[in-house]
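The structure file target-v2.pdb is reproduced below (PDB, C-alpha atoms, pLDDT in the B column).
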ATOM      1  CA  MET D   1    -128.408 195.188  75.930  1.00 93.00           C
ATOM      2  CA  LYS D   2    -124.947 194.550  74.557  1.00 95.00           C
ATOM      3  CA  ALA D   3    -124.138 197.170  71.899  1.00 97.00           C
ATOM      4  CA  LEU D   4    -120.485 197.979  71.238  1.00 97.00           C
ATOM      5  CA  PRO D   5    -118.434 200.476  69.241  1.00 97.00           C
ATOM      6  CA  PHE D   6    -116.824 199.018  66.129  1.00 97.00           C
ATOM      7  CA  PRO D   7    -114.304 199.747  63.346  1.00 96.00           C
ATOM      8  CA  CYS D   8    -116.277 200.783  60.282  1.00 96.00           C
ATOM      9  CA  ILE D   9    -115.693 200.511  56.539  1.00 97.00           C
ATOM     10  CA  ARG D  10    -117.273 203.600  55.038  1.00 97.00           C
ATOM     11  CA  PRO D  11    -116.905 206.185  52.265  1.00 98.00           C
ATOM     12  CA  THR D  12    -114.089 208.679  52.561  1.00 97.00           C
ATOM     13  CA  GLN D  13    -115.742 211.827  53.896  1.00 95.00           C
ATOM     14  CA  ASP D  14    -115.047 214.115  50.944  1.00 95.00           C
ATOM     15  CA  ARG D  15    -116.000 211.439  48.383  1.00 97.00           C
ATOM     16  CA  VAL D  16    -119.273 210.214  49.859  1.00 96.00           C
ATOM     17  CA  LEU D  17    -121.365 211.689  47.029  1.00 95.00           C
ATOM     18  CA  GLU D  18    -119.201 209.792  44.556  1.00 96.00           C
ATOM     19  CA  ALA D  19    -119.231 206.569  46.547  1.00 97.00           C
ATOM     20  CA  LEU D  20    -122.898 206.081  47.424  1.00 96.00           C
ATOM     21  CA  PRO D  21    -124.229 205.845  43.837  1.00 96.00           C
ATOM     22  CA  ALA D  22    -121.469 203.333  43.077  1.00 97.00           C
ATOM     23  CA  MET D  23    -122.158 200.992  46.018  1.00 97.00           C
ATOM     24  CA  GLY D  24    -123.640 198.310  43.791  1.00 95.00           C
ATOM     25  CA  SER D  25    -120.253 198.001  42.125  1.00 96.00           C
ATOM     26  CA  ILE D  26    -118.105 198.648  45.216  1.00 97.00           C
ATOM     27  CA  LEU D  27    -119.874 195.942  47.234  1.00 96.00           C
ATOM     28  CA  SER D  28    -120.051 193.475  44.355  1.00 95.00           C
ATOM     29  CA  GLY D  29    -117.052 191.524  45.614  1.00 95.00           C
ATOM     30  CA  ASN D  30    -113.864 191.579  47.658  1.00 94.00           C
ATOM     31  CA  ASP D  31    -111.679 192.731  44.769  1.00 95.00           C
ATOM     32  CA  ALA D  32    -113.963 195.687  44.031  1.00 97.00           C
ATOM     33  CA  LEU D  33    -114.050 196.700  47.692  1.00 97.00           C
ATOM     34  CA  ARG D  34    -110.276 196.374  48.029  1.00 96.00           C
ATOM     35  CA  GLY D  35    -109.907 198.532  44.942  1.00 97.00           C
ATOM     36  CA  ALA D  36    -112.197 201.217  46.365  1.00 97.00           C
ATOM     37  CA  ILE D  37    -110.180 201.263  49.589  1.00 97.00           C
ATOM     38  CA  ALA D  38    -106.872 201.415  47.677  1.00 97.00           C
ATOM     39  CA  ASP D  39    -108.262 204.248  45.542  1.00 97.00           C
ATOM     40  CA  GLY D  40    -109.302 206.231  48.609  1.00 97.00           C
ATOM     41  CA  LEU D  41    -112.999 206.062  47.748  1.00 97.00           C
ATOM     42  CA  MET D  42    -113.644 203.938  50.848  1.00 98.00           C
ATOM     43  CA  LEU D  43    -111.708 203.658  54.102  1.00 97.00           C
ATOM     44  CA  LYS D  44    -111.284 201.314  57.036  1.00 95.00           C
ATOM     45  CA  ASP D  45    -111.440 203.092  60.367  1.00 91.00           C
ATOM     46  CA  PRO D  46    -108.398 202.114  62.437  1.00 87.00           C
ATOM     47  CA  GLY D  47    -110.292 202.200  65.736  1.00 92.00           C
ATOM     48  CA  ALA D  48    -113.727 201.488  67.143  1.00 96.00           C
ATOM     49  CA  ALA D  49    -116.425 204.129  67.400  1.00 96.00           C
ATOM     50  CA  TYR D  50    -120.150 204.598  67.801  1.00 97.00           C
ATOM     51  CA  TYR D  51    -122.012 206.570  65.148  1.00 97.00           C
ATOM     52  CA  VAL D  52    -125.021 208.812  65.631  1.00 97.00           C
ATOM     53  CA  TYR D  53    -127.357 208.602  62.632  1.00 97.00           C
ATOM     54  CA  GLU D  54    -130.125 211.070  61.831  1.00 95.00           C
ATOM     55  CA  CYS D  55    -132.737 210.702  59.105  1.00 94.00           C
ATOM     56  CA  SER D  56    -134.908 213.713  58.308  1.00 90.00           C
ATOM     57  CA  GLY D  57    -137.730 214.240  55.842  1.00 80.00           C
ATOM     58  CA  GLU D  58    -141.308 213.020  55.671  1.00 69.00           C
ATOM     59  CA  PRO D  59    -142.796 212.273  58.152  1.00 64.00           C
ATOM     60  CA  GLY D  60    -140.201 213.806  60.489  1.00 80.00           C
ATOM     61  CA  ARG D  61    -136.786 213.347  62.040  1.00 88.00           C
ATOM     62  CA  VAL D  62    -135.440 210.300  63.878  1.00 93.00           C
ATOM     63  CA  THR D  63    -132.073 209.751  65.551  1.00 94.00           C
ATOM     64  CA  GLY D  64    -130.379 206.461  66.314  1.00 95.00           C
ATOM     65  CA  VAL D  65    -127.040 205.137  67.469  1.00 97.00           C
ATOM     66  CA  VAL D  66    -125.085 202.688  65.297  1.00 98.00           C
ATOM     67  CA  ALA D  67    -123.302 199.862  67.127  1.00 98.00           C
ATOM     68  CA  ILE D  68    -122.604 196.142  66.834  1.00 98.00           C
ATOM     69  CA  CYS D  69    -124.871 193.734  68.719  1.00 97.00           C
ATOM     70  CA  PRO D  70    -124.801 189.941  69.104  1.00 96.00           C
ATOM     71  CA  THR D  71    -126.617 188.266  66.219  1.00 94.00           C
ATOM     72  CA  SER D  72    -129.108 186.910  68.764  1.00 90.00           C
ATOM     73  CA  VAL D  73    -130.931 190.256  68.472  1.00 91.00           C
ATOM     74  CA  LEU D  74    -132.050 189.092  65.020  1.00 91.00           C
ATOM     75  CA  ALA D  75    -134.299 186.379  66.425  1.00 76.00           C
ATOM     76  CA  GLY D  76    -137.203 187.889  64.490  1.00 55.00           C
ATOM     77  CA  GLY D  77    -135.442 187.050  61.236  1.00 51.00           C
ATOM     78  CA  LYS D  78    -134.937 183.348  61.901  1.00 54.00           C
ATOM     79  CA  GLY D  79    -136.816 180.658  60.110  1.00 53.00           C
ATOM     80  CA  ASP D  80    -137.057 182.245  56.628  1.00 61.00           C
ATOM     81  CA  ALA D  81    -135.677 179.583  54.293  1.00 65.00           C
ATOM     82  CA  SER D  82    -136.639 181.188  50.967  1.00 85.00           C
ATOM     83  CA  ALA D  83    -134.254 180.972  48.039  1.00 88.00           C
ATOM     84  CA  ASP D  84    -133.878 184.760  47.977  1.00 89.00           C
ATOM     85  CA  VAL D  85    -132.863 184.866  51.639  1.00 92.00           C
ATOM     86  CA  ALA D  86    -130.404 181.998  51.162  1.00 92.00           C
ATOM     87  CA  ALA D  87    -128.840 183.782  48.180  1.00 94.00           C
ATOM     88  CA  ALA D  88    -128.567 187.042  50.130  1.00 94.00           C
ATOM     89  CA  ALA D  89    -126.932 185.197  53.042  1.00 95.00           C
ATOM     90  CA  ARG D  90    -124.362 183.628  50.715  1.00 95.00           C
ATOM     91  CA  ALA D  91    -123.610 186.997  49.112  1.00 95.00           C
ATOM     92  CA  ILE D  92    -122.970 188.638  52.510  1.00 96.00           C
ATOM     93  CA  ALA D  93    -120.839 185.684  53.666  1.00 96.00           C
ATOM     94  CA  GLU D  94    -118.775 185.829  50.474  1.00 96.00           C
ATOM     95  CA  LEU D  95    -118.333 189.619  50.664  1.00 96.00           C
ATOM     96  CA  LYS D  96    -117.520 189.309  54.387  1.00 96.00           C
ATOM     97  CA  VAL D  97    -119.051 192.735  54.962  1.00 97.00           C
ATOM     98  CA  GLN D  98    -122.524 193.616  56.232  1.00 97.00           C
ATOM     99  CA  PRO D  99    -123.675 196.209  53.679  1.00 97.00           C
ATOM    100  CA  ARG D 100    -125.907 198.296  55.931  1.00 97.00           C
ATOM    101  CA  PRO D 101    -126.996 198.359  59.573  1.00 97.00           C
ATOM    102  CA  VAL D 102    -130.158 196.472  60.447  1.00 96.00           C
ATOM    103  CA  SER D 103    -132.794 198.718  62.051  1.00 95.00           C
ATOM    104  CA  LEU D 104    -133.764 197.890  65.648  1.00 96.00           C
ATOM    105  CA  ALA D 105    -136.061 199.627  68.128  1.00 95.00           C
ATOM    106  CA  TYR D 106    -135.241 200.012  71.830  1.00 94.00           C
ATOM    107  CA  GLU D 107    -136.483 201.843  74.883  1.00 93.00           C
ATOM    108  CA  ALA D 108    -134.254 204.903  75.032  1.00 90.00           C
ATOM    109  CA  SER D 109    -133.838 206.978  78.172  1.00 90.00           C
ATOM    110  CA  PRO D 110    -133.995 210.796  78.377  1.00 91.00           C
ATOM    111  CA  VAL D 111    -130.310 210.713  79.334  1.00 93.00           C
ATOM    112  CA  MET D 112    -129.468 208.983  76.046  1.00 93.00           C
ATOM    113  CA  ASP D 113    -131.362 211.700  74.172  1.00 90.00           C
ATOM    114  CA  ILE D 114    -129.142 214.285  75.859  1.00 93.00           C
ATOM    115  CA  ILE D 115    -125.952 212.358  75.063  1.00 93.00           C
ATOM    116  CA  LEU D 116    -126.847 211.945  71.394  1.00 93.00           C
ATOM    117  CA  GLY D 117    -127.968 215.561  71.189  1.00 92.00           C
ATOM    118  CA  ALA D 118    -124.558 216.653  72.455  1.00 92.00           C
ATOM    119  CA  ALA D 119    -122.848 214.479  69.841  1.00 92.00           C
ATOM    120  CA  LYS D 120    -124.902 216.161  67.122  1.00 93.00           C
ATOM    121  CA  GLU D 121    -123.667 219.597  68.153  1.00 92.00           C
ATOM    122  CA  GLY D 122    -120.367 218.891  66.405  1.00 90.00           C
ATOM    123  CA  ALA D 123    -119.770 218.832  62.659  1.00 92.00           C
ATOM    124  CA  SER D 124    -121.353 215.840  60.959  1.00 94.00           C
ATOM    125  CA  LEU D 125    -119.247 213.232  59.225  1.00 95.00           C
ATOM    126  CA  TYR D 126    -121.800 212.961  56.423  1.00 97.00           C
ATOM    127  CA  ALA D 127    -124.851 214.923  55.285  1.00 96.00           C
ATOM    128  CA  VAL D 128    -126.387 213.556  52.092  1.00 95.00           C
ATOM    129  CA  THR D 129    -129.856 213.853  50.595  1.00 94.00           C
ATOM    130  CA  ASP D 130    -131.196 210.923  48.598  1.00 90.00           C
ATOM    131  CA  PRO D 131    -133.395 211.138  45.469  1.00 89.00           C
ATOM    132  CA  ALA D 132    -136.513 210.833  47.632  1.00 87.00           C
ATOM    133  CA  GLY D 133    -135.571 214.011  49.482  1.00 90.00           C
ATOM    134  CA  ILE D 134    -134.546 212.239  52.696  1.00 92.00           C
ATOM    135  CA  THR D 135    -131.449 213.680  54.370  1.00 95.00           C
ATOM    136  CA  HIS D 136    -129.073 211.281  56.097  1.00 96.00           C
ATOM    137  CA  ARG D 137    -126.521 212.589  58.584  1.00 96.00           C
ATOM    138  CA  ALA D 138    -123.921 210.742  60.630  1.00 97.00           C
ATOM    139  CA  TRP D 139    -121.563 211.776  63.428  1.00 97.00           C
ATOM    140  CA  GLU D 140    -118.615 209.711  64.638  1.00 96.00           C
ATOM    141  CA  VAL D 141    -118.288 209.266  68.409  1.00 95.00           C
ATOM    142  CA  LYS D 142    -114.861 208.043  69.472  1.00 93.00           C
ATOM    143  CA  ARG D 143    -113.886 210.278  72.404  1.00 92.00           C
ATOM    144  CA  GLU D 144    -113.432 207.998  75.398  1.00 94.00           C
ATOM    145  CA  ASP D 145    -115.854 209.770  77.724  1.00 93.00           C
ATOM    146  CA  ALA D 146    -118.602 209.967  75.093  1.00 93.00           C
ATOM    147  CA  VAL D 147    -118.146 206.311  74.130  1.00 95.00           C
ATOM    148  CA  GLY D 148    -118.324 205.353  77.790  1.00 95.00           C
ATOM    149  CA  ALA D 149    -121.507 207.344  78.324  1.00 95.00           C
ATOM    150  CA  ILE D 150    -123.273 205.771  75.344  1.00 96.00           C
ATOM    151  CA  ARG D 151    -122.166 202.284  76.314  1.00 96.00           C
ATOM    152  CA  ALA D 152    -123.368 202.749  79.884  1.00 95.00           C
ATOM    153  CA  MET D 153    -126.833 203.790  78.674  1.00 95.00           C
ATOM    154  CA  LEU D 154    -127.075 200.903  76.216  1.00 95.00           C
ATOM    155  CA  ASP D 155    -125.930 198.432  78.883  1.00 95.00           C
ATOM    156  CA  GLN D 156    -128.963 199.459  80.939  1.00 94.00           C
ATOM    157  CA  ALA D 157    -131.459 199.197  78.082  1.00 94.00           C
ATOM    158  CA  PRO D 158    -133.593 196.094  77.533  1.00 93.00           C
ATOM    159  CA  GLU D 159    -133.076 193.928  74.444  1.00 93.00           C
ATOM    160  CA  PRO D 160    -134.178 195.661  71.233  1.00 94.00           C
ATOM    161  CA  ALA D 161    -136.844 194.528  68.789  1.00 93.00           C
ATOM    162  CA  LEU D 162    -136.455 194.058  65.057  1.00 92.00           C
ATOM    163  CA  ALA D 163    -137.694 197.101  63.120  1.00 90.00           C
ATOM    164  CA  ASP D 164    -136.432 196.086  59.685  1.00 88.00           C
ATOM    165  CA  ASP D 165    -137.358 193.735  56.864  1.00 87.00           C
ATOM    166  CA  PRO D 166    -137.404 190.237  58.436  1.00 90.00           C
ATOM    167  CA  ALA D 167    -135.888 188.837  55.253  1.00 91.00           C
ATOM    168  CA  TYR D 168    -132.813 191.057  55.668  1.00 94.00           C
ATOM    169  CA  ALA D 169    -132.458 189.966  59.298  1.00 93.00           C
ATOM    170  CA  ALA D 170    -132.766 186.337  58.201  1.00 93.00           C
ATOM    171  CA  ALA D 171    -130.057 186.847  55.566  1.00 94.00           C
ATOM    172  CA  LEU D 172    -127.723 188.324  58.199  1.00 95.00           C
ATOM    173  CA  THR D 173    -128.410 185.394  60.520  1.00 94.00           C
ATOM    174  CA  GLY D 174    -127.766 182.993  57.658  1.00 94.00           C
ATOM    175  CA  ALA D 175    -124.485 184.682  56.709  1.00 95.00           C
ATOM    176  CA  SER D 176    -123.304 184.488  60.314  1.00 96.00           C
ATOM    177  CA  GLN D 177    -124.127 180.775  60.403  1.00 94.00           C
ATOM    178  CA  LEU D 178    -122.319 180.101  57.120  1.00 96.00           C
ATOM    179  CA  LEU D 179    -119.170 181.822  58.355  1.00 96.00           C
ATOM    180  CA  ALA D 180    -119.397 180.051  61.717  1.00 95.00           C
ATOM    181  CA  ASP D 181    -119.711 176.694  59.948  1.00 96.00           C
ATOM    182  CA  GLU D 182    -116.614 177.495  57.865  1.00 95.00           C
ATOM    183  CA  ALA D 183    -114.644 178.397  60.991  1.00 95.00           C
ATOM    184  CA  ARG D 184    -115.768 175.240  62.794  1.00 96.00           C
ATOM    185  CA  SER D 185    -114.765 173.117  59.797  1.00 95.00           C
ATOM    186  CA  ALA D 186    -111.341 174.772  59.861  1.00 94.00           C
ATOM    187  CA  GLY D 187    -111.048 174.225  63.618  1.00 94.00           C
ATOM    188  CA  THR D 188    -110.624 177.952  64.269  1.00 94.00           C
ATOM    189  CA  TYR D 189    -113.994 178.891  65.757  1.00 94.00           C
ATOM    190  CA  THR D 190    -113.822 180.764  69.087  1.00 94.00           C
ATOM    191  CA  GLY D 191    -117.233 182.424  69.367  1.00 90.00           C
ATOM    192  CA  LYS D 192    -115.624 185.873  69.459  1.00 91.00           C
ATOM    193  CA  GLU D 193    -115.441 186.402  65.696  1.00 95.00           C
ATOM    194  CA  PRO D 194    -116.909 189.588  64.175  1.00 95.00           C
ATOM    195  CA  PHE D 195    -119.502 187.520  62.282  1.00 96.00           C
ATOM    196  CA  ASN D 196    -121.125 186.752  65.631  1.00 96.00           C
ATOM    197  CA  PHE D 197    -122.123 190.425  65.741  1.00 97.00           C
ATOM    198  CA  THR D 198    -124.380 192.474  63.504  1.00 97.00           C
ATOM    199  CA  VAL D 199    -124.120 196.197  62.955  1.00 97.00           C
ATOM    200  CA  ALA D 200    -127.419 197.823  63.886  1.00 97.00           C
ATOM    201  CA  VAL D 201    -128.926 201.268  64.064  1.00 97.00           C
ATOM    202  CA  LEU D 202    -130.822 201.491  67.343  1.00 97.00           C
ATOM    203  CA  PHE D 203    -133.793 203.851  67.197  1.00 95.00           C
ATOM    204  CA  PRO D 204    -135.980 204.896  70.140  1.00 94.00           C
ATOM    205  CA  ALA D 205    -139.115 202.770  69.834  1.00 93.00           C
ATOM    206  CA  ALA D 206    -141.371 205.808  70.233  1.00 89.00           C
ATOM    207  CA  GLN D 207    -139.810 207.422  67.146  1.00 88.00           C
ATOM    208  CA  VAL D 208    -140.268 204.447  64.823  1.00 89.00           C
ATOM    209  CA  ALA D 209    -143.657 203.075  65.848  1.00 82.00           C
ATOM    210  CA  SER D 210    -144.894 203.474  62.260  1.00 79.00           C
ATOM    211  CA  GLY D 211    -141.707 202.145  60.657  1.00 81.00           C
ATOM    212  CA  ALA D 212    -137.952 202.636  60.930  1.00 86.00           C
ATOM    213  CA  PRO D 213    -135.786 204.238  58.248  1.00 88.00           C
ATOM    214  CA  ARG D 214    -132.813 202.445  56.749  1.00 91.00           C
ATOM    215  CA  VAL D 215    -129.248 203.703  56.625  1.00 95.00           C
ATOM    216  CA  PRO D 216    -128.123 203.923  52.977  1.00 96.00           C
ATOM    217  CA  THR D 217    -126.242 200.849  51.776  1.00 96.00           C
ATOM    218  CA  GLY D 218    -122.497 201.302  52.120  1.00 97.00           C
ATOM    219  CA  LEU D 219    -122.602 204.366  54.359  1.00 97.00           C
ATOM    220  CA  LEU D 220    -121.708 202.491  57.579  1.00 97.00           C
ATOM    221  CA  THR D 221    -120.655 198.873  57.062  1.00 97.00           C
ATOM    222  CA  HIS D 222    -119.230 196.141  59.267  1.00 96.00           C
ATOM    223  CA  GLN D 223    -116.481 193.743  58.221  1.00 96.00           C
ATOM    224  CA  VAL D 224    -117.449 190.327  59.581  1.00 95.00           C
ATOM    225  CA  ALA D 225    -114.430 188.291  58.416  1.00 93.00           C
ATOM    226  CA  ARG D 226    -111.070 188.765  56.740  1.00 88.00           C
ATOM    227  CA  PHE D 227    -110.974 189.259  53.000  1.00 82.00           C
TER     228      PHE D 227
END
So, in terms of structure tokens, how does the structure I just supplied come out?
Amino acid sequence: MKALPFPCIRPTQDRVLEALPAMGSILSGNDALRGAIADGLMLKDPGAAYYVYECSGEPGRVTGVVAICPTSVLAGGKGDASADVAAAARAIAELKVQPRPVSLAYEASPVMDIILGAAKEGASLYAVTDPAGITHRAWEVKREDAVGAIRAMLDQAPEPALADDPAYAAALTGASQLLADEARSAGTYTGKEPFNFTVAVLFPAAQVASGAPRVPTGLLTHQVARF
């Protein structure tokens, strides 16, 4: 499986409780997002990193790793041509930011559990509890040896399966296609553009057999084109 570290747009750490309730406004358009970044409410990470994400509450606790994967992993979301999906795809393409990671399930190894457990021993980047009583935590992993260890484990893993709303996956696929069509029309398409990747939270399949949680909108986002 190809799953890479990435530069994230996310809330400034000490303003996350202010930012998350305002995400509807912040992610309403490029000007609003630029304003939030200029104001210090949001930030663009200068370098690439993996993120460890933990969701705890009923019915238990699950841990995943957040990375960017080729949009081909969203095969389960193809073929939905509803008006709602088309509108969502256009909105993502216009914003040029994927608003939340798509949830995927993969076969994790015991070694990966150890690596992620070690990452969680440090101070978390975020720890927020939503109105439903679910606590969301995230840790940034950017140290070279830790990044290398996670990447090596993911390289060995088989392709993941969709564990999210198929309509959301279809909207992400549609947004990628819209941006690719624009680049082809402009004669600039290379196949290496960020919109050819989707940010995903990869959960061990055994932990999400009854359904995968979703990372809160705006907590860990992926810029897919310049704005």
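Of the listed residues (D:Asp130, D:Asp113, D:Glu94, D:Asp39), D:Asp130 comes nearest to Val215 of chain D; the distances count only C-alpha atoms.
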Note to self: Just want the 9 Å neighbourhood of segment 81-88 of chain D, counted on only C-alpha atoms, with same-chain residues fewer than 6 positions away dropped. Output as a PyMOL selection string.
What the structure shows: chain D and resi 167-168+170-172+174-175
Margin query: Which residue is closest to Val73 of chain D? Choose from D:Phe227, D:Tyr126, D:Phe197, D:Tyr50 and count all atoms listed in the file.
Written below: D:Phe197
Checklist line | Shell of 9 Å around Ala127 of chain D, only C-alpha atoms, local chain residues under 5 positions omitted, as an MDAnalysis selection string | finding: chainID D and resid 135:138
Next item on the list: Any chance you could resolve the PyMOL selection byres ((chain D and resi 199) around 8) against this file and give the residues as a list in words?
Entry: Val66, Ala67, Ile68, Cys69, Gln98, Arg100, Pro101, Val102, Phe197, Thr198, Ala200, Val201, Thr221 and His222 of chain D
Export of the given selection (C-alpha atoms) as a PDB file, keeping the file's coordinate frame:
ATOM      1  CA  VAL D  66    -125.085 202.688  65.297  1.00 98.00           C
ATOM      2  CA  ALA D  67    -123.302 199.862  67.127  1.00 98.00           C
ATOM      3  CA  ILE D  68    -122.604 196.142  66.834  1.00 98.00           C
ATOM      4  CA  CYS D  69    -124.871 193.734  68.719  1.00 97.00           C
ATOM      5  CA  GLN D  98    -122.524 193.616  56.232  1.00 97.00           C
ATOM      6  CA  ARG D 100    -125.907 198.296  55.931  1.00 97.00           C
ATOM      7  CA  PRO D 101    -126.996 198.359  59.573  1.00 97.00           C
ATOM      8  CA  VAL D 102    -130.158 196.472  60.447  1.00 96.00           C
ATOM      9  CA  PHE D 197    -122.123 190.425  65.741  1.00 97.00           C
ATOM     10  CA  THR D 198    -124.380 192.474  63.504  1.00 97.00           C
ATOM     11  CA  ALA D 200    -127.419 197.823  63.886  1.00 97.00           C
ATOM     12  CA  VAL D 201    -128.926 201.268  64.064  1.00 97.00           C
ATOM     13  CA  THR D 221    -120.655 198.873  57.062  1.00 97.00           C
ATOM     14  CA  HIS D 222    -119.230 196.141  59.267  1.00 96.00           C
TER      15      HIS D 222
END
Incomplete segment 140-164 of chain D brought to N, CA and C atoms, written out as a compact mmCIF listing (two decimals), in the coordinates of the input:
# COMPACT_ATOMS: atom_id res chain seq x y z
N GLU D 140 -119.47 210.73 64.03
CA GLU D 140 -118.62 209.71 64.64
C GLU D 140 -118.38 210.06 66.10
N VAL D 141 -118.51 209.07 66.98
CA VAL D 141 -118.29 209.27 68.41
C VAL D 141 -117.17 208.33 68.84
N LYS D 142 -115.99 208.88 69.07
CA LYS D 142 -114.86 208.04 69.47
C LYS D 142 -114.12 208.57 70.70
N ARG D 143 -114.51 209.77 71.19
CA ARG D 143 -113.89 210.28 72.40
C ARG D 143 -114.25 209.36 73.56
N GLU D 144 -113.26 209.04 74.38
CA GLU D 144 -113.43 208.00 75.40
C GLU D 144 -114.60 208.26 76.33
N ASP D 145 -114.77 209.50 76.78
CA ASP D 145 -115.85 209.77 77.72
C ASP D 145 -117.22 209.64 77.07
N ALA D 146 -117.33 210.07 75.80
CA ALA D 146 -118.60 209.97 75.09
C ALA D 146 -118.94 208.51 74.78
N VAL D 147 -117.94 207.74 74.38
CA VAL D 147 -118.15 206.31 74.13
C VAL D 147 -118.60 205.62 75.41
N GLY D 148 -117.96 205.95 76.51
CA GLY D 148 -118.32 205.35 77.79
C GLY D 148 -119.74 205.69 78.20
N ALA D 149 -120.16 206.93 77.95
CA ALA D 149 -121.51 207.34 78.32
C ALA D 149 -122.56 206.61 77.50
N ILE D 150 -122.32 206.49 76.20
CA ILE D 150 -123.27 205.77 75.34
C ILE D 150 -123.34 204.30 75.74
N ARG D 151 -122.18 203.71 75.96
CA ARG D 151 -122.17 202.28 76.31
C ARG D 151 -122.89 202.04 77.63
N ALA D 152 -122.70 202.92 78.59
CA ALA D 152 -123.37 202.75 79.88
C ALA D 152 -124.89 202.79 79.73
N MET D 153 -125.39 203.71 78.90
CA MET D 153 -126.83 203.79 78.67
C MET D 153 -127.36 202.55 77.94
N LEU D 154 -126.62 202.08 76.95
CA LEU D 154 -127.08 200.90 76.22
C LEU D 154 -127.02 199.65 77.08
N ASP D 155 -126.03 199.57 77.97
CA ASP D 155 -125.93 198.43 78.88
C ASP D 155 -127.19 198.31 79.75
N GLN D 156 -127.79 199.45 80.06
CA GLN D 156 -128.96 199.46 80.94
C GLN D 156 -130.27 199.22 80.19
N ALA D 157 -130.23 199.31 78.87
CA ALA D 157 -131.46 199.20 78.08
C ALA D 157 -131.86 197.74 77.90
N PRO D 158 -133.15 197.46 77.81
CA PRO D 158 -133.59 196.09 77.53
C PRO D 158 -133.25 195.70 76.09
N GLU D 159 -133.38 194.41 75.79
CA GLU D 159 -133.08 193.93 74.44
C GLU D 159 -133.96 194.63 73.41
N PRO D 160 -133.41 194.96 72.26
CA PRO D 160 -134.18 195.66 71.23
C PRO D 160 -135.06 194.71 70.44
N ALA D 161 -135.96 195.30 69.66
CA ALA D 161 -136.84 194.53 68.79
C ALA D 161 -136.50 194.83 67.33
N LEU D 162 -136.71 193.87 66.48
CA LEU D 162 -136.46 194.06 65.06
C LEU D 162 -137.42 195.09 64.49
N ALA D 163 -136.87 196.06 63.75
CA ALA D 163 -137.69 197.10 63.12
C ALA D 163 -137.35 197.21 61.64
N ASP D 164 -136.90 196.11 61.07
CA ASP D 164 -136.43 196.09 59.68
C ASP D 164 -137.16 194.97 58.95
